[in-house]
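A short worksheet on the structure shown next.
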There are 4 protein chains.
Amino acid sequence: MTSFVYRRQMVIEWGHCDPAGIVFNSRFFEFFDHSTWLSFDAALGVKPAELARTFGVFGIPLVDARANFLKPAKFGDTIEIASRVSEFRRSSFDVEHKITLDGELAVEGGETRVWAARKKDDPEQIGAIAIPQEVIARFR
Amino acid sequence: MTSFVYRRQMVIEWGHCDPAGIVFNSRFFEFFDHSTWLSFDAALGVKPAELARTFGVFGIPLVDARANFLKPAKFGDTIEIASRVSEFRRSSFDVEHKITLDGELAVEGGETRVWAARKKDDPEQIGAIAIPQEVIARFR
Amino acid sequence: MTSFVYRRQMVIEWGHCDPAGIVFNSRFFEFFDHSTWLSFDAALGVKPAELARTFGVFGIPLVDARANFLKPAKFGDTIEIASRVSEFRRSSFDVEHKITLDGELAVEGGETRVWAARKKDDPEQIGAIAIPQEVIARFR
Amino acid sequence: MTSFVYRRQMVIEWGHCDPAGIVFNSRFFEFFDHSTWLSFDAALGVKPAELARTFGVFGIPLVDARANFLKPAKFGDTIEIASRVSEFRRSSFDVEHKITLDGELAVEGGETRVWAARKKDDPEQIGAIAIPQEVIARFR
């Protein structure tokens with residue numbers, strides 16, 4: 001478990017909500033994705049779009065995503081998203097996201113991602129590579 | 001495990017894809033949601049929008065969603081989504097979604113949903129109610 | 001032309017962008033919609049979700065939307081959106097949105113919306129009603 | 001005005017709709033975008049993803065998009081989208097989209113797009129190039 005936690009607040013938009021007046025589930029996965037990029041930005045001091053150039057990665061593709069919806073969020077609500085890399089492995093890592101609303105846990109999310117690069121012998125192919133120790137160190 | 005499987009094919013759109021040229025993860029949760037509604041439509045013979053009126057439910061809110069991404073889908077790809085209610089419990093149920101591309105499994109998804117109605121003593125509140133046996137029977 | 005201008009900055013997300021690496025057009029209409037709600041919030045001092053309750057409106061449905069795309073915005077770019085109600089008529093109004101990137105105009109957008117309420121004799125129907133003078137005054 | 005009209009039917013999804021229970025405006029721009037790609041697919045006999053390879057274009061970026069919303073579409077509604085290239089110019093073209101619901105016009109949309117290629121002297125830059133006559137001929 002790393003100790004670096006990235007927090008942001010956001011206001012639920014009209015366009016995030018469905019006919020039941022609550023956030024449509026796919027939107028939470030958009031929120032998680034952006035929070036993961038922002039976490040790396042904050043921890044590494046590198047803008048998301050430059051992560052690739054700086055660390056030689058092609059991207060951080062998702063291999064698994066999951067969420068529990070405990071309490072609905074509605075148009076105009078201010079939510080807080082707290083994101084933390086819960087585990088770094090050789091070439092993959094897990095991110096935990098907790099969304100709170102009025103101080104109560106509303107959504108718990110999780111992602112598993114891969115540190116991926118273009119293959120040297122076939123740049124059309126993408127494969128997992130080892131996550132640099134200097135990247136992991138920034139989240140400690 | 002019910003035996004009714006709902007299948008549909010769809011073409012990946014330009015707007016579904018991200019800068020890596022593959023479907024952005026949140027889109028799969030949109031695909032799953034629509035397939036679940038279509039499954040109920042096909043099994044019950046009731047248009048999604050009329051499910052509420054016919055069965056007295058307010059909706060089928062998600063309490064859990066998850067997906068494994070095994071193989072990327074790209075702009076123009078034709079995918080097949082096969083959806084099956086894997087378990088009915090008293091007032092909740094699980095749906096399994098399998099997306100295949102060129103005959104290979106590309107994404108495995110799962111949802112847990114609640115059969116929900118407005119509370120009689122407080123219509124502003126939504127609560128889980130028992131799923132009618134006639135609904136369950138249609139998926140056998 | 002009213003004088004009240006609502007400005008906000010936002011960072012372009014990975015999920016906003018298409019395989020060409022630039023913001024997919026429909027996203028700009030999401031940005032415009034949210035900026036219009038935020039403009040009313042800022043001008044009226046009423047949270048978007050309470051606009052209906054405070055002013056007896058059902059909503060501010062769009063009847064027309066348009067955009068010119070002059071310069072692409074990419075993942076990680078910080079854009080500024082400046083929004084202004086350009087004209088109030090009896091029961092409809094126009095909103096102008098200007099998105100700038102690095103000080104240059106990137107997208108020009110426009111919306112025409114209606115001030116709408118449920119009809120007294122048939123609450124299932126929505127119709128345009130006169131915009132209160134106190135609302136218009138707050139944008140001067 | 002070309003004579004080739006591309007038509008498709010689609011069912012409005014739960015996730016397309018907003019808290020007013022009607023299709024959120026940005027979704028229509030997604031529908032238009034996909035219909036334009038499908039029009040080219042149908043007229044040229046080339047899958048969207050191969051348009052670039054076959055005709056040497058990088059893409060068909062939007063420079064202008066617009067829509068009038070005449071009649072709301074709701075969850076479960078079946079709409080028909082009829083799309084036609086209304087004018088080809090040297091390196092740009094206009095597409096008209098008409099969405100009907102129960103035989104009545106619900107949304108009128110328009111797009112202006114550019115036939116674009118990577119610049120030979122600077123492949124990082126994209127510029128408009130002449131639309132091949134063989135492309136235009138297929139829409140007559």
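Quick note on naming: the chains in the structure tokens go A, B, ... in the order shown, residues restart at 1 in each chain, and ligands are numbered from 1 in order of appearance.
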Within 12 Å of chain B: residues of chain A, using only C-alpha atoms, as a PyMOL selection string: chain A and resi 18-34+49+52+58-72+106-114+116-118+124-126
Residues within 8 Å of region 100-103 of chain A, only C-alpha atoms, excluding chain neighbours under 4 positions, as a list in words: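 Contacts, with the query itself left out: Ala73, Asp77, Thr78, Ile79, Glu80, Ile81 and Val107 of chain A.
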Those of chain B in DSSP strand (DSSP E or B), formatted as a PyMOL selection string: chain B and resi 5-11+17+22-23+59+62-69+74+78-88+92-101+104-114+116-118+126-128
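Those residues in region 33-64 of chain C carrying a DSSP assignment of alpha helix (DSSP H), computed from the backbone, are Asp33, His34, Ser35, Thr36, Trp37, Leu38, Ser39, Phe40, Asp41, Ala42, Ala43, Leu44, Pro48, Ala49, Glu50, Leu51, Ala52, Arg53, Thr54 and Phe55 of chain C.
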Keeping C-alpha atoms, export the residues of the selection given above as a tab-separated table (two decimals), in the first residue's frame.
chain	number	residue	atom	x	y	z
C	33	ASP	CA	-24.17	22.48	-21.17
C	34	HIS	CA	-22.36	22.45	-17.85
C	35	SER	CA	-21.07	26.00	-18.36
C	36	THR	CA	-24.61	27.24	-18.97
C	37	TRP	CA	-25.81	25.67	-15.69
C	38	LEU	CA	-22.78	27.12	-13.86
C	39	SER	CA	-23.51	30.57	-15.36
C	40	PHE	CA	-27.01	30.52	-13.91
C	41	ASP	CA	-25.62	29.28	-10.61
C	42	ALA	CA	-23.10	32.14	-10.51
C	43	ALA	CA	-25.48	34.86	-11.71
C	44	LEU	CA	-28.50	33.84	-9.63
C	48	PRO	CA	-28.26	24.30	-10.62
C	49	ALA	CA	-30.33	21.54	-9.05
C	50	GLU	CA	-32.41	24.15	-7.20
C	51	LEU	CA	-33.13	26.38	-10.17
C	52	ALA	CA	-36.34	24.47	-10.78
C	53	ARG	CA	-37.58	24.80	-7.23
C	54	THR	CA	-36.63	28.45	-6.86
C	55	PHE	CA	-38.02	29.75	-10.12
